[in-house]
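Take a look at the structure set out below.
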Amino acid sequence: LNSIVIAGAGHAGVQVALSLRQDGYTGSISLVNDEPWLPYQRPPLSKAYLLGKIDATAMQFRPAQFYTDQRIDLVADRGAAIDRQNRRLLLASGTVLDYDHLVLATGAHNRPLNVPGAGLANVYGVKTRADAEALAPLLGNAKRVVVIGAGFIGLEFAAVAAAAGAAVDVLELGDRPMARAVSPAMSELFRAAHAAWGVTFHFRGAVAEIEGDNGKAVAVLTADGRRLPADLVVYGIGVIPNVGLALEAGLGIDNGIRVDAGLLTSDPHISALGDVACFPCLQNGERPTRLESVQNAVDQGKLIAARLTGKPAPYTALPWFWTDQGHLKLQIAGLSGGADNHVVLGDPAAQQVSVLCFRGEQLLAVESCGRVGDHMAARKILARPPALTPSMAAAPGFDLKAWEA
Ligand code: FAD
């Protein structure tokens, strides 16, 4: 291969470029970046960056000089169409990039709020550095914040807003926080923590409309007739993969760009990874799965670079994830979908808990709050065929770290 083009310069795209050089690839690398900054990490956008604890430079993966030194050509443009026949990526500016291999790392965009008033000023999603920079100055002045969606990003933002002194209401369709991703016990720990920080939850509540005054949001109206006053509204109701390029090029799509176990699309000259890719996930019974995490983007980036430099392998990495809310860090190893049995270790009153999620006798995932050692042990345990059963874990005095060692 002499020319590799990567569309999208987020976690996934940047990792492919870095790993290609680490793996000894000497051909050209074009990394197409459609955001107006050097490539940066997203997790701080709803945490440290929003709180002003780190600056924009600290969010960058690498300084500009690094890309020059590594001969990674940062192309400030946007992929507009793929000409598969001639192996060319057409850019929005009209420029054409020839490729021997194309990597699609286009990520995802926020699922929009489809209600009247969603377009009012003071209604934000948190996806890009531009979003965080628009939000940060409003935080100090906001007295009443309504967060729509009690997923990771909504709750990270709720904690930040509460710490900034706002009264925060969280409106959530489901009946507990982070229901899609964590066990009832862990939801309860975080519900109680947020409540103690002054956050008010409204479960089983759908947003009907955002009420405006002079173009600005002043309240969120719920489907069951409640009115939550707001001078700032933030929503986090999931994301939609950016499949446009792939779809128009006729690649297989399935809740994301469909890839095989080696992360190749239906075209052998095109790979896809990260938030946009739907892959047969070992930990999910090899069902087509799309994961939204830094770990997934990074490990998949390494795997594609290894394949392109002659070391193909199926993707089997253990999924893991973290979220920071207030002073609490939640770490999750594995995927807990389908769990029917939970064993709780630790002390909920001290906010130090690990929840072991089983399906029958099989350990699927471990959620840890304030127990970093458990999380690291769980990553090792889950990376090989797990032999830990619920009855072993429920025995008095059971210690996950000792079991792993
Ligand atoms: P992205 O990072 O979204 O990058 C895709 C890039 O492609 C974007 O720059 C996009 O503009 C660009 N692009 C799209 N279309 C085109 C095109 N046609 N041409 C060129 N470029 C294009 N994960 C964790 O594990 N832990 C966390 O605590 C955590 N916190 C998060 C907080 C926030 C606020 C957000 C938004 C995400 C968070 N995540 C977290 C998720 C994590 O950031 C993503 O899973 C990760 O960024 C995915 O990387 P990616 O490269 O696939 O996609």
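Chain labels A, B, ... are given in the sequence in which chains occur in the structure tokens; within each chain residues are numbered consecutively from 1, and ligands are likewise numbered from 1 in the order shown.
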
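Residues surrounding A:Ala134 within 12 Å are A:Leu45, A:Tyr49, A:Leu50, A:Ala121, A:Asn122, A:Val123, A:Tyr124, A:Gly125, A:Val126, A:Lys127, A:Thr128, A:Arg129, A:Leu139, A:Leu232, A:Val234 [only C-alpha atoms; sequence separation below 5 positions excluded].
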
Can I get the selected residues back with C-alpha atoms, as a short mmCIF file (atom, residue, chain, number, x, y, z; two decimals), in the first residue's frame?
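Result file is again_7.cif:
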data_model
loop_
_atom_site.label_atom_id
_atom_site.label_comp_id
_atom_site.auth_asym_id
_atom_site.auth_seq_id
_atom_site.Cartn_x
_atom_site.Cartn_y
_atom_site.Cartn_z
CA LEU A 45 -16.02 18.28 26.74
CA TYR A 49 -12.96 21.28 29.87
CA LEU A 50 -16.46 22.47 30.70
CA ALA A 121 -31.06 29.69 21.73
CA ASN A 122 -29.88 28.16 25.01
CA VAL A 123 -30.70 24.62 23.82
CA TYR A 124 -27.55 22.57 23.35
CA GLY A 125 -26.18 19.13 22.73
CA VAL A 126 -22.60 18.34 23.79
CA LYS A 127 -20.64 16.75 20.98
CA THR A 128 -17.96 19.11 19.75
CA ARG A 129 -15.49 21.59 21.11
CA LEU A 139 -22.85 27.85 33.09
CA LEU A 232 -30.37 26.58 29.85
CA VAL A 234 -29.00 20.52 27.45
#

Would you give me, as a ChimeraX atom specification, the residues in stretch 220-373 of chain A that DSSP reads as alpha helix (DSSP H)?
/A:244-248,294-308,372-373

What would the file look like if the residues just selected were written as a compact mmCIF listing (two decimals), in the first residue's frame with N, CA and C atoms?
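The resulting file, part30.txt, is reproduced below:
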# COMPACT_ATOMS: atom_id res chain seq x y z
N GLY A 244 -23.48 8.62 6.00
CA GLY A 244 -23.83 9.18 4.69
C GLY A 244 -22.88 8.79 3.57
N LEU A 245 -21.59 8.98 3.79
CA LEU A 245 -20.59 8.67 2.75
C LEU A 245 -20.70 7.21 2.33
N ALA A 246 -20.77 6.33 3.34
CA ALA A 246 -20.79 4.89 3.08
C ALA A 246 -22.08 4.47 2.38
N LEU A 247 -23.18 5.07 2.82
CA LEU A 247 -24.49 4.72 2.26
C LEU A 247 -24.54 5.07 0.78
N GLU A 248 -24.11 6.30 0.46
CA GLU A 248 -24.15 6.73 -0.94
C GLU A 248 -23.22 5.90 -1.81
N VAL A 294 -14.06 5.40 23.87
CA VAL A 294 -12.67 5.65 23.52
C VAL A 294 -11.93 4.33 23.33
N GLN A 295 -12.14 3.40 24.27
CA GLN A 295 -11.47 2.09 24.16
C GLN A 295 -11.74 1.45 22.81
N ASN A 296 -13.01 1.47 22.40
CA ASN A 296 -13.40 0.82 21.15
C ASN A 296 -12.70 1.49 19.96
N ALA A 297 -12.70 2.82 19.94
CA ALA A 297 -12.06 3.55 18.84
C ALA A 297 -10.57 3.25 18.79
N VAL A 298 -9.93 3.25 19.95
CA VAL A 298 -8.47 3.07 20.01
C VAL A 298 -8.08 1.63 19.64
N ASP A 299 -8.74 0.66 20.24
CA ASP A 299 -8.36 -0.74 19.96
C ASP A 299 -8.68 -1.11 18.51
N GLN A 300 -9.79 -0.59 17.99
CA GLN A 300 -10.10 -0.88 16.59
C GLN A 300 -9.10 -0.20 15.66
N GLY A 301 -8.65 1.00 16.04
CA GLY A 301 -7.64 1.70 15.23
C GLY A 301 -6.35 0.90 15.15
N LYS A 302 -5.95 0.35 16.28
CA LYS A 302 -4.72 -0.46 16.30
C LYS A 302 -4.88 -1.70 15.42
N LEU A 303 -6.06 -2.30 15.47
CA LEU A 303 -6.29 -3.53 14.71
C LEU A 303 -6.25 -3.28 13.20
N ILE A 304 -6.85 -2.16 12.77
CA ILE A 304 -6.84 -1.86 11.33
C ILE A 304 -5.42 -1.57 10.86
N ALA A 305 -4.67 -0.80 11.66
CA ALA A 305 -3.28 -0.50 11.28
C ALA A 305 -2.48 -1.79 11.18
N ALA A 306 -2.70 -2.70 12.11
CA ALA A 306 -1.96 -3.98 12.08
C ALA A 306 -2.32 -4.76 10.81
N ARG A 307 -3.60 -4.80 10.48
CA ARG A 307 -3.98 -5.51 9.24
C ARG A 307 -3.34 -4.88 8.02
N LEU A 308 -3.35 -3.54 7.95
CA LEU A 308 -2.82 -2.86 6.76
C LEU A 308 -1.30 -3.00 6.67
N VAL A 372 -11.20 1.06 41.76
CA VAL A 372 -10.38 0.96 40.55
C VAL A 372 -9.70 -0.41 40.46
N GLY A 373 -9.28 -0.94 41.61
CA GLY A 373 -8.62 -2.25 41.61
C GLY A 373 -9.55 -3.33 41.08

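Counting only C-alpha atoms and all ligand atoms, the residue from A:Phe61, A:Phe157, A:Phe321, A:Phe203 that sits nearest to ligand 1 is A:Phe321.
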
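Among A:Lys311, A:Arg78, A:Arg71, A:Lys216, the residue with the shortest atom-to-atom distance to ligand 1, counting only C-alpha atoms and all ligand atoms, is A:Arg78.
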
Of the residues A:Leu113, A:Ala132, A:Ala405, A:Leu171, which is the one nearest to ligand 1, using only C-alpha atoms and all ligand atoms?
A:Ala132

Using only C-alpha atoms and all ligand atoms, which protein or nucleic acid residues are at most 7 Å from ligand 1, as a VMD selection string?
chain A and resid 7 to 13 32 to 35 41 to 46 77 to 80 105 to 108 126 to 128 153 242 245 273 to 276 292 to 295 297 321 to 324

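Between atom CA of A:Ala339 and atom CA of A:Gly326 there is a distance of 27.4 Å.
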
Can you tell me which residues surround A:Gly338 at a distance of at most 10 Å, considering only C-alpha atoms, apart from same-chain residues fewer than 3 positions away, and format the answer as a ChimeraX atom specification?
/A:284,335,341,357-360,364
